[in-house]
Amino acid sequence: MNFRMIGRIISFILIVEAVFMIPALLLCAFSGQTASSTAFLISIIIIMAAAFLLWVLTRKAQKGFYSRDGLVCVGLSWIVMSLFGALPFFISKEIPSYIDALFEIASGFSTTGASILNDVEALTRGMLLWRSTSHWLGGMGVLVFLLALVPISGRNDGFTMHLLRAESPGPDVGKLVPRMKQTATILYGMYILLTILDFLFLVIGGLPVFDSVCIAIGTAGTGGFGVLNSSIGGYSPYVQNVCTVFMFLFGVNFTCYYLLLCGKIKNVLKDEELHWYVGIAFCSIAAITITLLLNNTYSTFNETLRHSAFQVGSLLSSTGFATTDFDLWPSFAKAILFSLMFIGASAGSTGGGFKIGRALLIAKILRRNVRQVLYPNKVQVIRMNGRVVDENILRNTNAYLCAYVIIILASFLLVSLDGFSTTTNLTAVVSCFNNMGPGLESIGPTLNYSGYGVFSKIVLVFDMLAGRLEIFPILVLMSRSAWKRR
């Protein structure tokens, strides 16, 4: 284990975190919010001191890196980032409990959007901005950001590949271009461009600049923290429609956007995962719209379609915004939304969930197994977009499915100690583990997670981080063999 290099990377991560706190600090200072600005200043000093200490202790770090180093580095980085990121909330006493503050910021970085706040609007603007900023930073990944800007890897692409594989969502991560630093730069370039477009469309619709910034970066990271207690429900239909479009866009594999920029439109149109993503979205919207119309849930067809499309986009992309209390919808409509919590967005997007690409692989593995029973002597291969899928990817997908089911069941049993209903506990775990945000009943879109005890909140924090990092970087930290020196 290359402990020195891991420590060096974490020191850079802490510096990035402190830098991203500065806009919130300046906003608090200019707004005359003394307690909040002091909290941010103290937090930045603590974070920079910790980063400097780590940098000094790891100044002789060597860049040799292996797969397990990448997994451990990513897992530790996100835990450390969450522990320090909670400081402004706690020091300012805007969230008096440190566990609650940790839950809030872990939900932000993991782009879950689950909250313990009963009154979001009671937070100062600086704290609201920091909550939303955590979405944007966690959406594409802080290490991807680091690889794009900071020369910590030199020419060792294997070094950066291990980090990118461990942090990026989806069953497989490849290079868009030969050098990994260029890949990270391209990913963040497209991420920034889409965020700016989202912001501009919101401002054009008459939304205040502050609200536009928070919603745009929250949508980009598919996070779900709003600045109003009503989430997006208090805004105009235009704003809701803009959010719907961009939630779907950020749920698409970013490789598709790169291929479009390169003029490879046919490759995009042949993408199987994109076909399923669009198909699932269309069918879900149609089914929910028809169900709501039959039950006269809303007065007009346009209103029904708008809410249906928004909630499908919100949960399929794992954003977690809400325009209405969908917990009051008919059971069939809620069942569709609950199913979308599992499916999630595309691999290589900023969304969470099991991922459509991975679900598609599982379906193809099942089909192959059935065919092998019928034709045991025939060689069966699995193809995705016309290319044969490597058997290692298939084995990893099966392992991920096992870990996915085990963690959900174990977490469900643990949080059930708090005594909430089965529906509440199950949707809480599924929502946090898939980085969705709202659930049903006691944690519905108009409620929050404040009723859970300390132990359950810690379990849910684990679920949020494990879900965002695709399980293994967090599980590896619990393995004794991972900590042995090479």
# chains A, B, ... in the order shown; residues from 1 in each chain; ligands from 1

$ residues_around --residues "region 303-315 of chain A" --least-positions-apart "5" --cutoff "7 Å" --atoms "only C-alpha atoms" --output "number ranges by chain"
A: 244, 247-248, 281, 284-285, 288-289, 292, 298, 320-323, 337, 340-341, 436

$ write_last_selection --atoms "N, CA and C atoms" --output "PDB file, in the first residue's frame"
ATOM      1  N   THR A 244     -36.389  19.696 -15.672  1.00  0.00           N
ATOM      2  CA  THR A 244     -36.703  18.362 -16.204  1.00  0.00           C
ATOM      3  C   THR A 244     -35.757  17.996 -17.342  1.00  0.00           C
ATOM      4  N   MET A 247     -32.138  17.528 -16.042  1.00  0.00           N
ATOM      5  CA  MET A 247     -31.975  16.308 -15.243  1.00  0.00           C
ATOM      6  C   MET A 247     -31.797  15.106 -16.156  1.00  0.00           C
ATOM      7  N   PHE A 248     -32.601  15.051 -17.213  1.00  0.00           N
ATOM      8  CA  PHE A 248     -32.442  13.956 -18.183  1.00  0.00           C
ATOM      9  C   PHE A 248     -31.085  14.029 -18.872  1.00  0.00           C
ATOM     10  N   ALA A 281     -37.593   6.130 -19.692  1.00  0.00           N
ATOM     11  CA  ALA A 281     -38.127   7.454 -19.353  1.00  0.00           C
ATOM     12  C   ALA A 281     -39.484   7.682 -20.020  1.00  0.00           C
ATOM     13  N   SER A 284     -42.246   5.332 -18.576  1.00  0.00           N
ATOM     14  CA  SER A 284     -42.591   5.712 -17.201  1.00  0.00           C
ATOM     15  C   SER A 284     -43.456   6.962 -17.176  1.00  0.00           C
ATOM     16  N   ILE A 285     -43.071   7.957 -17.982  1.00  0.00           N
ATOM     17  CA  ILE A 285     -43.860   9.196 -18.044  1.00  0.00           C
ATOM     18  C   ILE A 285     -45.262   8.904 -18.562  1.00  0.00           C
ATOM     19  N   ILE A 288     -47.344   6.911 -15.836  1.00  0.00           N
ATOM     20  CA  ILE A 288     -47.720   7.743 -14.684  1.00  0.00           C
ATOM     21  C   ILE A 288     -48.749   8.787 -15.094  1.00  0.00           C
ATOM     22  N   THR A 289     -48.552   9.392 -16.272  1.00  0.00           N
ATOM     23  CA  THR A 289     -49.505  10.400 -16.745  1.00  0.00           C
ATOM     24  C   THR A 289     -50.902   9.810 -16.899  1.00  0.00           C
ATOM     25  N   LEU A 292     -52.414   9.121 -13.404  1.00  0.00           N
ATOM     26  CA  LEU A 292     -52.855  10.342 -12.728  1.00  0.00           C
ATOM     27  C   LEU A 292     -54.107  10.922 -13.375  1.00  0.00           C
ATOM     28  N   TYR A 298     -54.691  15.800 -10.968  1.00  0.00           N
ATOM     29  CA  TYR A 298     -54.501  17.216 -11.289  1.00  0.00           C
ATOM     30  C   TYR A 298     -55.601  17.661 -12.251  1.00  0.00           C
ATOM     31  N   GLY A 320     -33.523  13.969  -7.286  1.00  0.00           N
ATOM     32  CA  GLY A 320     -34.240  14.065  -6.016  1.00  0.00           C
ATOM     33  C   GLY A 320     -35.028  15.338  -5.810  1.00  0.00           C
ATOM     34  N   PHE A 321     -35.060  16.243  -6.806  1.00  0.00           N
ATOM     35  CA  PHE A 321     -35.935  17.408  -6.697  1.00  0.00           C
ATOM     36  C   PHE A 321     -37.394  16.945  -6.741  1.00  0.00           C
ATOM     37  N   ALA A 322     -38.293  17.830  -6.290  1.00  0.00           N
ATOM     38  CA  ALA A 322     -39.718  17.502  -6.333  1.00  0.00           C
ATOM     39  C   ALA A 322     -40.517  18.757  -6.650  1.00  0.00           C
ATOM     40  N   THR A 323     -41.590  18.592  -7.381  1.00  0.00           N
ATOM     41  CA  THR A 323     -42.514  19.695  -7.655  1.00  0.00           C
ATOM     42  C   THR A 323     -43.847  19.475  -6.961  1.00  0.00           C
ATOM     43  N   LEU A 337     -42.160   4.959  -9.607  1.00  0.00           N
ATOM     44  CA  LEU A 337     -41.095   5.806  -9.082  1.00  0.00           C
ATOM     45  C   LEU A 337     -40.142   5.009  -8.198  1.00  0.00           C
ATOM     46  N   LEU A 340     -37.818   3.120 -10.339  1.00  0.00           N
ATOM     47  CA  LEU A 340     -36.802   3.985 -10.928  1.00  0.00           C
ATOM     48  C   LEU A 340     -35.667   4.263  -9.960  1.00  0.00           C
ATOM     49  N   MET A 341     -35.953   4.218  -8.652  1.00  0.00           N
ATOM     50  CA  MET A 341     -34.903   4.411  -7.655  1.00  0.00           C
ATOM     51  C   MET A 341     -33.818   3.345  -7.789  1.00  0.00           C
ATOM     52  N   MET A 436     -30.786   8.940  -4.249  1.00  0.00           N
ATOM     53  CA  MET A 436     -32.006   9.552  -4.771  1.00  0.00           C
ATOM     54  C   MET A 436     -32.474  10.754  -3.952  1.00  0.00           C
TER      55      MET A 436
END

$ select_by_dssp --residues "region 210-258 of chain A" --states "alpha helix (DSSP H)" --output "number ranges by chain"
A: 210-220, 237-250, 254-258

$ atom_distance --atom1 "CA of Phe89 (chain A)" --atom2 "CA of Ser43 (chain A)"
9.6 Å

$ closest_residue --among "A:Glu441, A:Thr111, A:Val459, A:Ile356" --to "Ile407 (chain A)" --atoms "only C-alpha atoms"
A:Val459

$ closest_residue --among "A:Gly467, A:Gly85, A:Gly126, A:Pro237" --to "Ala403 (chain A)" --atoms "only C-alpha atoms"
A:Gly467

$ residues_around --residues "Ile116 (chain A)" --least-positions-apart "2" --cutoff "7 Å" --atoms "only C-alpha atoms" --output "MDAnalysis selection string"
chainID A and resid 100 104 118 448:450

$ residues_around --residues "Asn435 (chain A)" --least-positions-apart "2" --cutoff "7 Å" --atoms "only C-alpha atoms" --output "list in words"
Ser110, Thr111, Thr112, Ser318, Gly352, Gly353, Ser431, Cys432, Phe433, Gly437, Met464, Gly467 and Arg468 of chain A

$ residues_around --residues "region 45-50 of chain A" --least-positions-apart "4" --cutoff "9 Å" --atoms "only C-alpha atoms" --output "PyMOL selection string"
chain A and resi 11+14-15+17-18+40-41+54-55+84-85

$ write_last_selection --atoms "C-alpha atoms" --output "CSV table (one decimal), in the first residue's frame"
chain,number,residue,atom,x,y,z
A,11,SER,CA,-3.9,16.7,1.0
A,14,LEU,CA,-8.6,19.0,1.2
A,15,ILE,CA,-7.1,22.0,-0.6
A,17,GLU,CA,-12.5,21.5,-0.6
A,18,ALA,CA,-11.2,24.6,1.2
A,40,PHE,CA,-16.4,29.1,7.1
A,41,LEU,CA,-13.1,30.9,7.9
A,54,LEU,CA,-0.4,15.8,5.3
A,55,TRP,CA,1.6,17.4,2.6
A,84,PHE,CA,-14.3,18.2,7.2
A,85,GLY,CA,-17.1,19.4,5.0

$ residues_around --residues "Leu83 (chain A)" --least-positions-apart "3" --cutoff "12 Å" --atoms "only C-alpha atoms" --output "list of chain:residue names"
A:Leu14, A:Glu17, A:Ser43, A:Ile46, A:Ile47, A:Leu76, A:Ser77, A:Trp78, A:Ile79, A:Val80, A:Ala86, A:Leu87, A:Pro88, A:Phe89, A:Phe90, A:Tyr98, A:Ile99, A:Asp100, A:Ala101, A:Leu102, A:Phe103, A:Glu104, A:Ile105, A:Ala106, A:Ser107, A:Phe109, A:Val461

$ write_last_selection --atoms "C-alpha atoms" --output "mmCIF file, in the first residue's frame"
data_model
loop_
_atom_site.group_PDB
_atom_site.id
_atom_site.type_symbol
_atom_site.label_atom_id
_atom_site.label_comp_id
_atom_site.auth_asym_id
_atom_site.auth_seq_id
_atom_site.Cartn_x
_atom_site.Cartn_y
_atom_site.Cartn_z
ATOM 1 C CA LEU A 14 -8.600 19.026 1.245
ATOM 2 C CA GLU A 17 -12.482 21.502 -0.607
ATOM 3 C CA SER A 43 -13.273 25.592 8.741
ATOM 4 C CA ILE A 46 -8.610 23.817 9.939
ATOM 5 C CA ILE A 47 -8.800 22.144 6.527
ATOM 6 C CA LEU A 76 -10.642 7.548 2.303
ATOM 7 C CA SER A 77 -10.802 10.774 0.292
ATOM 8 C CA TRP A 78 -14.584 10.881 0.307
ATOM 9 C CA ILE A 79 -14.809 10.042 4.011
ATOM 10 C CA VAL A 80 -12.243 12.714 4.939
ATOM 11 C CA ALA A 86 -19.515 19.215 7.871
ATOM 12 C CA LEU A 87 -17.525 21.754 9.919
ATOM 13 C CA PRO A 88 -19.212 24.985 8.663
ATOM 14 C CA PHE A 89 -22.685 23.668 9.555
ATOM 15 C CA PHE A 90 -21.546 22.512 12.985
ATOM 16 C CA TYR A 98 -22.221 17.075 14.193
ATOM 17 C CA ILE A 99 -23.813 13.772 13.079
ATOM 18 C CA ASP A 100 -26.636 15.733 11.462
ATOM 19 C CA ALA A 101 -24.096 18.044 9.817
ATOM 20 C CA LEU A 102 -22.159 15.002 8.584
ATOM 21 C CA PHE A 103 -25.364 13.454 7.230
ATOM 22 C CA GLU A 104 -26.200 16.680 5.379
ATOM 23 C CA ILE A 105 -22.791 17.137 3.742
ATOM 24 C CA ALA A 106 -22.333 13.421 2.956
ATOM 25 C CA SER A 107 -25.725 13.612 1.279
ATOM 26 C CA PHE A 109 -21.115 15.147 -1.803
ATOM 27 C CA VAL A 461 -24.256 7.933 5.539
#

$ residues_around --residues "Gly451 (chain A)" --least-positions-apart "2" --cutoff "10 Å" --atoms "only C-alpha atoms" --output "number ranges by chain"
A: 116, 418, 420, 442-443, 447-449, 453-454, 456-457

$ write_last_selection --atoms "N, CA and C atoms" --output "short mmCIF file (atom, residue, chain, number, x, y, z; two decimals), in the first residue's frame"
data_model
loop_
_atom_site.label_atom_id
_atom_site.label_comp_id
_atom_site.auth_asym_id
_atom_site.auth_seq_id
_atom_site.Cartn_x
_atom_site.Cartn_y
_atom_site.Cartn_z
N ILE A 116 -31.76 16.44 6.73
CA ILE A 116 -32.32 16.36 8.09
C ILE A 116 -32.93 17.70 8.49
N ASP A 418 -35.15 1.70 14.49
CA ASP A 418 -35.74 2.98 14.90
C ASP A 418 -37.26 2.94 14.98
N PHE A 420 -39.66 2.95 12.53
CA PHE A 420 -40.52 3.50 11.47
C PHE A 420 -41.17 2.36 10.70
N SER A 442 -42.84 8.59 5.82
CA SER A 442 -42.23 9.53 6.76
C SER A 442 -41.01 10.26 6.21
N ILE A 443 -40.49 9.83 5.07
CA ILE A 443 -39.37 10.54 4.44
C ILE A 443 -39.76 10.95 3.02
N LEU A 447 -41.10 15.79 3.52
CA LEU A 447 -40.58 15.49 4.85
C LEU A 447 -39.07 15.29 4.78
N ASN A 448 -38.45 14.77 5.85
CA ASN A 448 -36.99 14.63 5.86
C ASN A 448 -36.58 13.47 6.77
N TYR A 449 -35.26 13.34 6.97
CA TYR A 449 -34.69 12.21 7.72
C TYR A 449 -34.37 12.56 9.18
N GLY A 453 -32.54 8.08 14.38
CA GLY A 453 -31.56 8.21 15.44
C GLY A 453 -30.14 8.28 14.89
N VAL A 454 -29.18 8.50 15.78
CA VAL A 454 -27.78 8.66 15.40
C VAL A 454 -27.27 7.42 14.66
N SER A 456 -28.87 5.07 12.96
CA SER A 456 -29.47 4.93 11.63
C SER A 456 -28.88 5.96 10.66
N LYS A 457 -28.62 7.16 11.15
CA LYS A 457 -28.04 8.19 10.27
C LYS A 457 -26.63 7.79 9.83
#

$ closest_residue --among "A:Thr133, A:Ser421, A:Asn295, A:Asn267" --to "Val19 (chain A)" --atoms "only C-alpha atoms"
A:Thr133

$ atom_distance --atom1 "CA of Phe201 (chain A)" --atom2 "CA of Ile217 (chain A)"
12.9 Å

$ atom_distance --atom1 "CA of Leu316 (chain A)" --atom2 "CA of Val388 (chain A)"
27.3 Å
